[in-house]
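Accompanying notes for the structure given below.
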Amino acid sequence: DAGVIQSPRHEVTEMGQEVTLRCKPISGHNSLFWYRQTMMRGLELLIYFNNNVPIDDSGMPEDRFSAKMPNASFSTLKIQPSEPRDSAVYFCASRILDGELFFGEGSRLTVL
Amino acid sequence: AQSVTQLGSHVSVSEGALVLLRCNYSSSVPPYLFWYVQYPNQGLQLLLKYTSAATLVKGINGFEAEFKKSETSFHLTKPSAHMSDAAEYFCAVSGGGGADGLTFGKGTHLIIQP
């Protein structure tokens, strides 16, 4: 079975550019999470969805960040405009209700 | 609100020695507690979880953890370390019966000395 699939795995962009990270959760999972990992702050929950509906976006750093889940099999995290401090590994994870959380392999973003 | 504190950003043990990684939590509701492992350039993988059943939880790869409410702790142990255990370990807490998002600790890097 395919796990959580994230793309791109690596992205290098220049400050001010728009960045879109993509996630395909495991089929049948009804909760999806976006996390950001940095050395300084560790793993931070940005936003999560239940049944495609955003439940808690209090972790989204600022208005430059937005996330959507148009259907049960796809989600995007967008940063516009990007800044060097956004450089991090962004993880998507999914689960069934209160079951085990399965993580993707992450998208490593570098903003120059 | 929930929070997790992992004591020691780096822990070094000899191969064959006991592994002990410390985790203390804070939660305003009965918590669900988790340990995850992360190998380089990979996502996180669940080692074990506590969901209000048995207080001693056994996980994969010989790891186990004990929930101690009086100490608000959920320390991870393994009797005998292997070289393959070298990785980053994260403790996490969730409230709301586990339906909420997980809050992670800062992680502990486990180093295994030959």
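Going through the structure tokens in order, the chains are called A, B, and so on, while each chain numbers its residues from 1 and the ligands are numbered from 1 in the order shown.
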Original post:
Contacts of region 94-105 of chain A at 6 Å or less, counting only C-alpha atoms, minus same-chain residues fewer than 6 places along, as JSON, numbers by chain?
Top reply: {"A": [4, 5, 25, 29, 30, 31, 32], "B": [42, 43, 44, 98, 99]}
Output N, CA and C atoms of each residue in that selection to a file, as a JSON list (two decimals), in the first residue's frame.
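See out.json below for the written result:
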[["chain", "number", "residue", "atom", "x", "y", "z"],
["A", 4, "VAL", "N", 1.79, 8.02, 2.70],
["A", 4, "VAL", "CA", 1.52, 9.43, 2.42],
["A", 4, "VAL", "C", 2.56, 9.91, 1.41],
["A", 5, "ILE", "N", 2.08, 10.52, 0.36],
["A", 5, "ILE", "CA", 2.97, 10.94, -0.72],
["A", 5, "ILE", "C", 3.06, 12.45, -0.77],
["A", 25, "PRO", "N", -2.85, 11.92, 0.94],
["A", 25, "PRO", "CA", -2.91, 11.07, 2.15],
["A", 25, "PRO", "C", -3.19, 9.62, 1.78],
["A", 29, "HIS", "N", -8.06, 7.47, 4.89],
["A", 29, "HIS", "CA", -7.80, 8.30, 6.07],
["A", 29, "HIS", "C", -8.64, 9.58, 6.00],
["A", 30, "ASN", "N", -9.18, 10.00, 7.14],
["A", 30, "ASN", "CA", -10.06, 11.17, 7.11],
["A", 30, "ASN", "C", -9.50, 12.38, 7.86],
["A", 31, "SER", "N", -8.28, 12.27, 8.37],
["A", 31, "SER", "CA", -7.63, 13.43, 8.99],
["A", 31, "SER", "C", -6.28, 13.65, 8.33],
["A", 32, "LEU", "N", -5.95, 14.91, 8.10],
["A", 32, "LEU", "CA", -4.68, 15.26, 7.45],
["A", 32, "LEU", "C", -4.04, 16.41, 8.20],
["B", 42, "GLN", "N", 14.00, 10.97, 6.55],
["B", 42, "GLN", "CA", 12.75, 10.23, 6.48],
["B", 42, "GLN", "C", 11.69, 10.90, 7.34],
["B", 43, "GLY", "N", 10.47, 10.46, 7.17],
["B", 43, "GLY", "CA", 9.40, 10.91, 8.04],
["B", 43, "GLY", "C", 9.42, 10.18, 9.37],
["B", 44, "LEU", "N", 8.47, 10.49, 10.21],
["B", 44, "LEU", "CA", 8.40, 9.87, 11.54],
["B", 44, "LEU", "C", 7.62, 8.57, 11.48],
["B", 98, "GLY", "N", -7.49, 11.70, 21.62],
["B", 98, "GLY", "CA", -6.61, 11.37, 20.49],
["B", 98, "GLY", "C", -7.07, 11.93, 19.17],
["B", 99, "ALA", "N", -8.17, 12.66, 19.16],
["B", 99, "ALA", "CA", -8.68, 13.19, 17.90],
["B", 99, "ALA", "C", -8.02, 14.51, 17.52]]
Do me a favour and pick out the residues of chain B within 9 Å of chain A, using only C-alpha atoms, as a short mmCIF file (atom, residue, chain, number, x, y, z; two decimals) with C-alpha atoms, in the first residue's frame.
data_model
loop_
_atom_site.label_atom_id
_atom_site.label_comp_id
_atom_site.auth_asym_id
_atom_site.auth_seq_id
_atom_site.Cartn_x
_atom_site.Cartn_y
_atom_site.Cartn_z
CA ASN B 41 15.90 12.17 5.62
CA GLN B 42 12.75 10.23 6.48
CA GLY B 43 9.40 10.91 8.04
CA LEU B 44 8.40 9.87 11.54
CA GLN B 45 7.42 6.32 12.37
CA LEU B 46 5.31 5.29 15.37
CA LYS B 49 1.36 4.72 22.02
CA GLY B 97 -9.34 11.32 23.09
CA GLY B 98 -6.61 11.37 20.49
CA ALA B 99 -8.68 13.19 17.90
CA ASP B 100 -6.67 16.39 18.18
CA GLY B 101 -3.37 17.10 16.50
CA LEU B 102 -0.24 15.82 18.17
CA THR B 103 2.08 18.18 20.02
CA PHE B 104 5.68 17.02 19.77
CA GLY B 105 8.69 17.50 22.00
CA LYS B 106 11.93 18.89 20.58
CA GLY B 107 13.36 15.43 20.10
#
**OP:** One decimal, Å: what's the distance from CA of Glu83 (chain A) over to CA of Leu112 (chain A), could you say?
**Re:** 7.7 Å
**OP:** Would you list the contacts of region 16-23 of chain B as a VMD selection string, taking every protein, DNA or RNA residue within 10 Å and counting only C-alpha atoms, but skipping same-chain residues closer than 3 positions in sequence?
**Re:** chain B and resid 4 to 13 33 35 63 to 65 72 to 83 85 89 to 92 105 107 to 110 112 to 114
Please produce a file of the residues just selected, as a short mmCIF file (atom, residue, chain, number, x, y, z; two decimals), in the first residue's frame, where the atoms kept are N, CA and C atoms.
data_model
loop_
_atom_site.label_atom_id
_atom_site.label_comp_id
_atom_site.auth_asym_id
_atom_site.auth_seq_id
_atom_site.Cartn_x
_atom_site.Cartn_y
_atom_site.Cartn_z
N VAL B 4 4.99 19.01 25.75
CA VAL B 4 5.89 17.90 26.03
C VAL B 4 7.30 18.44 26.23
N THR B 5 7.98 17.91 27.21
CA THR B 5 9.37 18.26 27.45
C THR B 5 10.21 17.00 27.39
N GLN B 6 11.17 16.99 26.51
CA GLN B 6 12.11 15.87 26.43
C GLN B 6 13.42 16.32 27.05
N LEU B 7 13.86 15.60 28.03
CA LEU B 7 15.08 15.96 28.76
C LEU B 7 16.29 15.38 28.05
N GLY B 8 17.15 16.28 27.59
CA GLY B 8 18.36 15.84 26.89
C GLY B 8 18.15 15.84 25.39
N SER B 9 18.80 16.75 24.70
CA SER B 9 18.68 16.80 23.25
C SER B 9 19.53 15.70 22.60
N HIS B 10 20.54 15.23 23.33
CA HIS B 10 21.40 14.15 22.85
C HIS B 10 21.63 13.16 24.00
N VAL B 11 21.51 11.88 23.68
CA VAL B 11 21.80 10.82 24.64
C VAL B 11 22.73 9.83 23.95
N SER B 12 23.81 9.49 24.63
CA SER B 12 24.79 8.56 24.08
C SER B 12 24.89 7.33 24.98
N VAL B 13 24.76 6.15 24.39
CA VAL B 13 24.88 4.91 25.15
C VAL B 13 25.76 3.94 24.36
N LEU B 33 -0.46 9.47 24.60
CA LEU B 33 0.98 9.73 24.51
C LEU B 33 1.62 8.80 23.49
N TRP B 35 5.44 7.78 21.20
CA TRP B 35 6.85 7.91 20.86
C TRP B 35 6.99 7.59 19.37
N PHE B 63 11.31 -1.65 22.12
CA PHE B 63 11.09 -0.48 22.97
C PHE B 63 9.82 -0.63 23.79
N GLU B 64 9.82 0.00 24.95
CA GLU B 64 8.63 0.09 25.76
C GLU B 64 8.63 1.40 26.54
N ALA B 65 7.46 1.79 27.02
CA ALA B 65 7.34 3.02 27.78
C ALA B 65 6.29 2.83 28.86
N THR B 72 3.70 12.63 35.71
CA THR B 72 3.43 13.16 34.36
C THR B 72 4.57 12.80 33.42
N SER B 73 4.93 11.52 33.44
CA SER B 73 6.06 11.08 32.62
C SER B 73 5.66 9.93 31.70
N PHE B 74 6.44 9.77 30.67
CA PHE B 74 6.22 8.68 29.70
C PHE B 74 7.59 8.37 29.09
N HIS B 75 8.47 7.84 29.91
CA HIS B 75 9.85 7.59 29.49
C HIS B 75 9.95 6.36 28.60
N LEU B 76 10.83 6.40 27.64
CA LEU B 76 11.04 5.31 26.67
C LEU B 76 12.29 4.52 27.07
N THR B 77 12.19 3.20 27.06
CA THR B 77 13.33 2.37 27.42
C THR B 77 13.49 1.22 26.45
N LYS B 78 14.73 0.72 26.41
CA LYS B 78 15.05 -0.50 25.69
C LYS B 78 16.20 -1.15 26.44
N PRO B 79 16.08 -2.44 26.75
CA PRO B 79 17.09 -3.09 27.61
C PRO B 79 18.49 -3.10 27.02
N SER B 80 18.58 -3.28 25.70
CA SER B 80 19.89 -3.45 25.10
C SER B 80 19.94 -2.72 23.76
N ALA B 81 20.76 -1.70 23.68
CA ALA B 81 20.82 -0.87 22.47
C ALA B 81 21.54 -1.58 21.33
N HIS B 82 21.01 -1.36 20.13
CA HIS B 82 21.67 -1.82 18.90
C HIS B 82 22.12 -0.62 18.10
N MET B 83 23.11 -0.83 17.27
CA MET B 83 23.59 0.27 16.43
C MET B 83 22.46 0.85 15.58
N ASP B 85 19.58 1.45 16.35
CA ASP B 85 18.67 2.33 17.10
C ASP B 85 19.06 3.80 17.01
N TYR B 89 14.39 10.67 18.32
CA TYR B 89 13.18 10.16 18.96
C TYR B 89 12.33 11.31 19.46
N PHE B 90 11.05 11.22 19.18
CA PHE B 90 10.13 12.28 19.56
C PHE B 90 9.02 11.72 20.44
N CYS B 91 8.76 12.43 21.53
CA CYS B 91 7.60 12.17 22.37
C CYS B 91 6.50 13.14 21.94
N ALA B 92 5.26 12.67 21.98
CA ALA B 92 4.16 13.53 21.56
C ALA B 92 2.95 13.27 22.44
N GLY B 105 7.53 16.96 21.33
CA GLY B 105 8.69 17.50 22.00
C GLY B 105 9.76 17.86 20.98
N GLY B 107 12.63 16.59 20.59
CA GLY B 107 13.36 15.43 20.10
C GLY B 107 14.63 15.15 20.88
N THR B 108 15.02 13.88 20.90
CA THR B 108 16.28 13.45 21.51
C THR B 108 17.04 12.64 20.48
N HIS B 109 18.28 13.06 20.24
CA HIS B 109 19.12 12.34 19.29
C HIS B 109 19.86 11.23 20.04
N LEU B 110 19.57 10.00 19.67
CA LEU B 110 20.19 8.85 20.34
C LEU B 110 21.42 8.42 19.56
N ILE B 112 24.62 5.72 19.47
CA ILE B 112 25.04 4.41 19.97
C ILE B 112 26.54 4.28 19.74
N GLN B 113 27.27 4.12 20.81
CA GLN B 113 28.72 3.94 20.73
C GLN B 113 29.05 2.46 20.57
N PRO B 114 29.96 2.12 19.64
CA PRO B 114 30.31 0.70 19.45
C PRO B 114 31.09 0.14 20.63
#
Subject >> Nearest residue to Ser7 (chain A) from the set A:Cys23, A:Gly59, A:Arg36, A:Met69 (distances using only C-alpha atoms) >> reply: A:Cys23
Original post:
In Å, with one decimal, what is the gap from CA of Pro84 (chain A) to CA of Arg22 (chain A)?
Top reply: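 Computing it gives 19.9 Å between the two atoms.
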Subject >> Every residue of chain A that DSSP places in strand (DSSP E), as a PyMOL selection string >> reply: chain A and resi 5-7+10-13+19-24+31-38+42-50+53-56+65-71+74-79+88-95+102-103+107-111
